[in-house]
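The block underneath contains the structure these notes are about, expressed in structure tokens.
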Amino acid sequence: MISSTEAKKRAQETLTGFPPHIKVAYLAFAESGEPACLDVVVLGVLQFYLARKPKESLDALPGSTRLIEDLGCDSLTMMDTVFMVESLFEIKINDSELPLIVTLDDLRDHLRRLVKEKANAKPAA
Amino acid sequence: MPVPRAVVSGLGFVTSIGNDRASVTASLRELRSGIERYEFLPGVDLPVKVVGTIKGFDTSALQWAGWRWPEGYSFKREALRGMAPHGLYALCAVEQAIADARLTTAEVTAEETGLFCASAGSPRLTRHYLNQLHDSRGERVAPMGIVSTIAGTLNFNLAAHLGIRGAVAGFVSACASTTQALGYAFDEIKLARLRRVLIVGGEDLNVDSIFPFHGMRALSRNPDPARASRPFDRDRDGFVGTGGGVALLLEEAEAARARGAPIYAEVLGWGQSADGYNIANSDPDGRGLAAAMRRALAASGVAPAEIDYVNAHATSTPTGDASEARALHSVFTKAGARPFISSTKALTGHGLSLSGVMETGFCVVSIAEGFIPGAANLENPDPVCAGLNLPRTTLSSAPRTVLKNSSGFGGSNVCLVLRRWEN
């Protein structure tokens, strides 16, 4: 987990100008580790980057909503989202994992798993 | 079928002397400077102390999402995600020009509409993204790193944002770039390949884009904002940098008239040449620039004596201004012509790639509004200027025919002739 102090610094550097609820959720996640807060950040960043905004916010859409076919998420939007999430949570999403992320549920689940693995990883000796 | 006439029917400005046509007009008329003290590196006493600042914008954040701009623009913040700071300035200028020209979305996206742009790219974002890449040993590579930084970033972004389908091109002849873009846009309209072209210039304004010119001692070290940029003055010591964004719509006259758009001025023709002399310095005798002026006049069917006003390229460097003065003598003094001459860089600073379209916009304003901006900050004209007509104050006489000069690194010289619209 990223410390609260580091999270505040990182939010200031990378989330300025993004919708405020993303920053709130990010700082809340740094405090609590609550996965629902992580979801808000991930879907909020994706929604901000989408060229065609869906009528409803992404967290109100079914988990089976497909990123490419239903949301029009192009490869650059996906890479922008990945880059931002990697920066915020100090994780690495490998290129080979990207084809596995097809729906909103896939995105949420995948990032929850990566962040959990990061938290459980033994600190370097 | 008659050859189309090319007119200017839309303008948008984000400059050091104003962020719209009305404020730019007032600044030019009143010789109001946009140059201020500026700290390139916080807390470091560098020898260069002034720039032409952009007011009302904040692009200091490295993340585009953190930038701020004046109210009244309709684009969404996400439109900036592939842009450099000057992309924001240019986008605002483009919105102004489209509204000014009363262009509909259908007309902007029509196959008869093109977009020609120029900027130097974004050294600041390049530095940031490459540092990120090296610091992370290749792990952190920003997805928008290329399209937001390289020369061409303006065309990439604006073409996609606007949905341009006619033609898109970028120009990289340094400080002559956007004048050259105007020239080729003029040709496209004359050849009836396009009915209109948006010409857009932009430059960042920060330590990375301006201060490197100090390496060749091209920047003024005069700390006084009111006197640092003094084209043609005996005591000039270099140029003052500036950034911003300017958009100009060049359009086939009938298309503009049919839409009820304002017609500010007509472009009669253009000419270009190359010095074949030096990577950065102008030919001291001004032969290249003189050739470009002659070609522009000949292409326009205009005699030297018909030119009422020359908006000079003069950037306030010792060698460049002297070279241009000699070129002006060669074309005008020798022909017995004495047009009024001024360089508006005294007010704005030098906008590099942006300067050509910015100053062509100023020429258009002076034609449309009926005045000639004076040679601000000129106290003691360089002896090489003896015989050139450099008015110290703004003249209320309306110029009918105007020449715009531009020169760039590598010896590019580009000149445009504009005339009051006479149907």
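Chain labels A, B, ... are given in the sequence in which chains occur in the structure tokens; within each chain residues are numbered consecutively from 1, and ligands are likewise numbered from 1 in the order shown.
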Find the nearest atom pair between each residue of chain A and chain B for residues within 7 Å, count only C-alpha atoms, give distances in Å to one decimal, sort rows by chain and ascending number, and present the table as a Markdown table.
| residue | atom | partner | partner_atom | distance |
| --- | --- | --- | --- | --- |
| A:Thr14 | CA | B:Gln63 | CA | 6.4 |
| A:Thr16 | CA | B:Gly66 | CA | 4.8 |
| A:Gly17 | CA | B:Gly66 | CA | 4.4 |
| A:Phe18 | CA | B:Ala65 | CA | 6.1 |
| A:Phe48 | CA | B:Glu78 | CA | 6.9 |
| A:Tyr49 | CA | B:Glu78 | CA | 6.3 |
| A:Leu76 | CA | B:Pro143 | CA | 6.7 |
| A:Met79 | CA | B:Pro143 | CA | 6.0 |
| A:Asp80 | CA | B:Pro143 | CA | 5.8 |
| A:Phe83 | CA | B:Ala142 | CA | 6.8 |
Would you list the contacts of Leu58 in chain A as a PyMOL selection string, taking every protein, DNA or RNA residue within 7 Å and counting only C-alpha atoms, but skipping same-chain residues closer than 2 positions in sequence?
chain A and resi 43+47+56+60-61
Would you write out those residues with N, CA and C atoms, as a short mmCIF file (atom, residue, chain, number, x, y, z; two decimals), in the first residue's frame?
data_model
loop_
_atom_site.label_atom_id
_atom_site.label_comp_id
_atom_site.auth_asym_id
_atom_site.auth_seq_id
_atom_site.Cartn_x
_atom_site.Cartn_y
_atom_site.Cartn_z
N LEU A 43 -12.41 3.24 -12.81
CA LEU A 43 -13.50 3.55 -13.75
C LEU A 43 -13.61 5.06 -13.99
N GLN A 47 -13.42 6.69 -17.63
CA GLN A 47 -14.54 7.53 -18.10
C GLN A 47 -14.03 8.90 -18.55
N GLU A 56 -24.62 6.98 -18.81
CA GLU A 56 -24.52 6.76 -17.37
C GLU A 56 -23.05 6.65 -16.99
N ALA A 60 -22.32 2.57 -13.02
CA ALA A 60 -23.75 2.23 -13.06
C ALA A 60 -24.07 1.27 -14.20
N LEU A 61 -23.09 0.98 -15.03
CA LEU A 61 -23.32 0.07 -16.17
C LEU A 61 -23.09 -1.37 -15.74
#
Give me, as a PyMOL selection string, all polymer residues having an atom no more than 6 Å from range 219-230 of chain B, counting only C-alpha atoms and skipping those fewer than 6 positions away in the same chain.
chain B and resi 35-36+47-49+236-240+316+346+377-378
Keeping C-alpha atoms, export the residues of the selection given above as an mmCIF file, in the first residue's frame.
data_model
loop_
_atom_site.group_PDB
_atom_site.id
_atom_site.type_symbol
_atom_site.label_atom_id
_atom_site.label_comp_id
_atom_site.auth_asym_id
_atom_site.auth_seq_id
_atom_site.Cartn_x
_atom_site.Cartn_y
_atom_site.Cartn_z
ATOM 1 C CA ILE B 35 6.467 41.822 -22.287
ATOM 2 C CA GLU B 36 7.069 41.292 -18.584
ATOM 3 C CA PRO B 47 20.985 36.667 -17.565
ATOM 4 C CA VAL B 48 17.718 36.721 -19.549
ATOM 5 C CA LYS B 49 14.899 38.288 -17.587
ATOM 6 C CA ARG B 236 19.223 46.236 -29.562
ATOM 7 C CA ASP B 237 20.885 43.161 -28.101
ATOM 8 C CA GLY B 238 18.711 40.187 -29.002
ATOM 9 C CA PHE B 239 15.137 38.997 -29.165
ATOM 10 C CA VAL B 240 12.596 38.524 -26.398
ATOM 11 C CA SER B 316 15.731 42.820 -32.392
ATOM 12 C CA ALA B 346 8.706 45.201 -30.071
ATOM 13 C CA ASN B 377 10.735 51.120 -28.337
ATOM 14 C CA LEU B 378 12.695 52.688 -31.175
#
Close residues, Pro62 in chain A itself excluded, 12 Å, only C-alpha atoms, min 3 positions apart in chain, as a list of chain:residue names:
A:Glu56, A:Ser57, A:Leu58, A:Asp59, A:Thr65, A:Arg66, A:Leu67, A:Asp70, A:Leu71, A:Thr103, A:Leu104, A:Asp105, A:Asp106
Residue selection dump (N, CA and C atoms) as an mmCIF file, in the first residue's frame:
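As written to disk, again.cif reads:
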data_model
loop_
_atom_site.group_PDB
_atom_site.id
_atom_site.type_symbol
_atom_site.label_atom_id
_atom_site.label_comp_id
_atom_site.auth_asym_id
_atom_site.auth_seq_id
_atom_site.Cartn_x
_atom_site.Cartn_y
_atom_site.Cartn_z
ATOM 1 N N GLU A 56 -24.622 6.982 -18.815
ATOM 2 C CA GLU A 56 -24.520 6.761 -17.367
ATOM 3 C C GLU A 56 -23.054 6.653 -16.988
ATOM 4 N N SER A 57 -22.767 6.867 -15.696
ATOM 5 C CA SER A 57 -21.371 6.700 -15.286
ATOM 6 C C SER A 57 -21.024 5.213 -15.341
ATOM 7 N N LEU A 58 -19.759 4.922 -15.511
ATOM 8 C CA LEU A 58 -19.354 3.535 -15.760
ATOM 9 C C LEU A 58 -19.728 2.606 -14.620
ATOM 10 N N ASP A 59 -19.708 3.109 -13.386
ATOM 11 C CA ASP A 59 -20.026 2.193 -12.279
ATOM 12 C C ASP A 59 -21.505 1.854 -12.218
ATOM 13 N N THR A 65 -20.371 -4.953 -19.554
ATOM 14 C CA THR A 65 -20.179 -3.952 -20.613
ATOM 15 C C THR A 65 -18.768 -4.090 -21.189
ATOM 16 N N ARG A 66 -18.696 -4.193 -22.520
ATOM 17 C CA ARG A 66 -17.392 -4.412 -23.159
ATOM 18 C C ARG A 66 -16.698 -3.072 -23.441
ATOM 19 N N LEU A 67 -15.412 -3.052 -23.179
ATOM 20 C CA LEU A 67 -14.671 -1.787 -23.278
ATOM 21 C C LEU A 67 -14.593 -1.299 -24.720
ATOM 22 N N ASP A 70 -18.663 -1.806 -26.669
ATOM 23 C CA ASP A 70 -19.770 -1.037 -26.088
ATOM 24 C C ASP A 70 -19.370 0.398 -25.731
ATOM 25 N N LEU A 71 -18.128 0.585 -25.322
ATOM 26 C CA LEU A 71 -17.722 1.922 -24.853
ATOM 27 C C LEU A 71 -16.852 2.667 -25.870
ATOM 28 N N THR A 103 -14.101 -6.644 -20.391
ATOM 29 C CA THR A 103 -15.287 -5.973 -19.847
ATOM 30 C C THR A 103 -14.914 -5.113 -18.644
ATOM 31 N N LEU A 104 -15.903 -4.353 -18.169
ATOM 32 C CA LEU A 104 -15.681 -3.557 -16.957
ATOM 33 C C LEU A 104 -15.342 -4.450 -15.775
ATOM 34 N N ASP A 105 -16.025 -5.590 -15.673
ATOM 35 C CA ASP A 105 -15.712 -6.533 -14.585
ATOM 36 C C ASP A 105 -14.276 -7.020 -14.690
ATOM 37 N N ASP A 106 -13.848 -7.336 -15.916
ATOM 38 C CA ASP A 106 -12.452 -7.787 -16.102
ATOM 39 C C ASP A 106 -11.477 -6.726 -15.607
#
Which polymer residues have any atom within 8 Å of an atom of range 269-280 of chain B, counting only C-alpha atoms, with same-chain residues fewer than 3 positions away left out, as number ranges by chain?
B: 180, 183, 186, 283, 287-289, 291-297, 299-300, 408-418
Just want the 12 Å neighbourhood of Asp109 in chain A, counted on only C-alpha atoms, with same-chain residues fewer than 4 positions away dropped. Output as a list of chain:residue names.
A:Pro35, A:Ala36, A:Leu38, A:Asp39, A:Val42, A:Leu43, A:Gly63, A:Leu100, A:Ile101, A:Val102, A:Thr103, A:Leu104, A:Asp105, A:Arg113, A:Leu114, A:Val115, A:Lys116
Generate the output file for the selected residues, N, CA and C atoms, as a PDB file, in the first residue's frame.
ATOM      1  N   PRO A  35     -11.372  -2.034  -1.604  1.00  0.00           N
ATOM      2  CA  PRO A  35     -11.371  -2.273  -3.054  1.00  0.00           C
ATOM      3  C   PRO A  35     -12.396  -1.417  -3.815  1.00  0.00           C
ATOM      4  N   ALA A  36     -13.519  -1.099  -3.170  1.00  0.00           N
ATOM      5  CA  ALA A  36     -14.531  -0.296  -3.868  1.00  0.00           C
ATOM      6  C   ALA A  36     -13.970   1.077  -4.254  1.00  0.00           C
ATOM      7  N   LEU A  38     -10.838   1.617  -4.999  1.00  0.00           N
ATOM      8  CA  LEU A  38      -9.982   1.364  -6.163  1.00  0.00           C
ATOM      9  C   LEU A  38     -10.827   1.359  -7.441  1.00  0.00           C
ATOM     10  N   ASP A  39     -11.986   0.703  -7.368  1.00  0.00           N
ATOM     11  CA  ASP A  39     -12.882   0.651  -8.539  1.00  0.00           C
ATOM     12  C   ASP A  39     -13.273   2.054  -8.998  1.00  0.00           C
ATOM     13  N   VAL A  42     -10.338   3.623 -10.903  1.00  0.00           N
ATOM     14  CA  VAL A  42     -10.072   3.008 -12.212  1.00  0.00           C
ATOM     15  C   VAL A  42     -11.164   3.393 -13.219  1.00  0.00           C
ATOM     16  N   LEU A  43     -12.414   3.238 -12.810  1.00  0.00           N
ATOM     17  CA  LEU A  43     -13.500   3.554 -13.748  1.00  0.00           C
ATOM     18  C   LEU A  43     -13.608   5.062 -13.994  1.00  0.00           C
ATOM     19  N   GLY A  63     -21.557  -4.987 -15.352  1.00  0.00           N
ATOM     20  CA  GLY A  63     -20.161  -5.415 -15.362  1.00  0.00           C
ATOM     21  C   GLY A  63     -19.765  -6.082 -16.662  1.00  0.00           C
ATOM     22  N   LEU A 100      -6.795  -9.830 -22.012  1.00  0.00           N
ATOM     23  CA  LEU A 100      -7.703 -10.517 -21.088  1.00  0.00           C
ATOM     24  C   LEU A 100      -8.718  -9.556 -20.479  1.00  0.00           C
ATOM     25  N   ILE A 101      -8.470  -8.260 -20.631  1.00  0.00           N
ATOM     26  CA  ILE A 101      -9.372  -7.266 -20.037  1.00  0.00           C
ATOM     27  C   ILE A 101     -10.372  -6.838 -21.108  1.00  0.00           C
ATOM     28  N   VAL A 102     -11.530  -7.461 -21.088  1.00  0.00           N
ATOM     29  CA  VAL A 102     -12.525  -7.243 -22.143  1.00  0.00           C
ATOM     30  C   VAL A 102     -13.702  -6.403 -21.626  1.00  0.00           C
ATOM     31  N   THR A 103     -14.101  -6.644 -20.391  1.00  0.00           N
ATOM     32  CA  THR A 103     -15.287  -5.973 -19.847  1.00  0.00           C
ATOM     33  C   THR A 103     -14.914  -5.113 -18.644  1.00  0.00           C
ATOM     34  N   LEU A 104     -15.903  -4.353 -18.169  1.00  0.00           N
ATOM     35  CA  LEU A 104     -15.681  -3.557 -16.957  1.00  0.00           C
ATOM     36  C   LEU A 104     -15.342  -4.450 -15.775  1.00  0.00           C
ATOM     37  N   ASP A 105     -16.025  -5.590 -15.673  1.00  0.00           N
ATOM     38  CA  ASP A 105     -15.712  -6.533 -14.585  1.00  0.00           C
ATOM     39  C   ASP A 105     -14.276  -7.020 -14.690  1.00  0.00           C
ATOM     40  N   ARG A 113      -6.765  -7.529  -8.303  1.00  0.00           N
ATOM     41  CA  ARG A 113      -5.807  -8.617  -8.084  1.00  0.00           C
ATOM     42  C   ARG A 113      -4.367  -8.083  -8.071  1.00  0.00           C
ATOM     43  N   LEU A 114      -4.064  -7.215  -9.043  1.00  0.00           N
ATOM     44  CA  LEU A 114      -2.694  -6.679  -9.119  1.00  0.00           C
ATOM     45  C   LEU A 114      -2.346  -5.855  -7.878  1.00  0.00           C
ATOM     46  N   VAL A 115      -3.290  -5.049  -7.446  1.00  0.00           N
ATOM     47  CA  VAL A 115      -3.030  -4.194  -6.280  1.00  0.00           C
ATOM     48  C   VAL A 115      -2.886  -5.057  -5.027  1.00  0.00           C
ATOM     49  N   LYS A 116      -3.695  -6.136  -4.951  1.00  0.00           N
ATOM     50  CA  LYS A 116      -3.610  -7.032  -3.795  1.00  0.00           C
ATOM     51  C   LYS A 116      -2.259  -7.758  -3.793  1.00  0.00           C
TER      52      LYS A 116
END
What are the closest atom pairs, with distances in Å to one decimal, for all residues of range 3-68 of chain B lying within 6 Å of range 347-364 of chain B? Consider only C-alpha atoms, order rows by chain and residue number, and present the result as a tab-separated table.
residue	atom	partner	partner_atom	distance
B:Ser16	CA	B:Thr348	CA	5.6
B:Ser33	CA	B:Leu347	CA	4.3
B:Gly34	CA	B:Thr348	CA	5.4
B:Gly52	CA	B:Gly349	CA	5.3
Could you list, as an MDAnalysis selection string, every residue within 9 Å of Ser366 in chain B, counting only C-alpha atoms and ignoring same-chain residues fewer than 5 positions away?
chainID B and resid 25 28:29 361 371:373 398:399
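Note that the spacing between CA of Phe156 in chain B and CA of Pro70 in chain B amounts to 23.7 Å.
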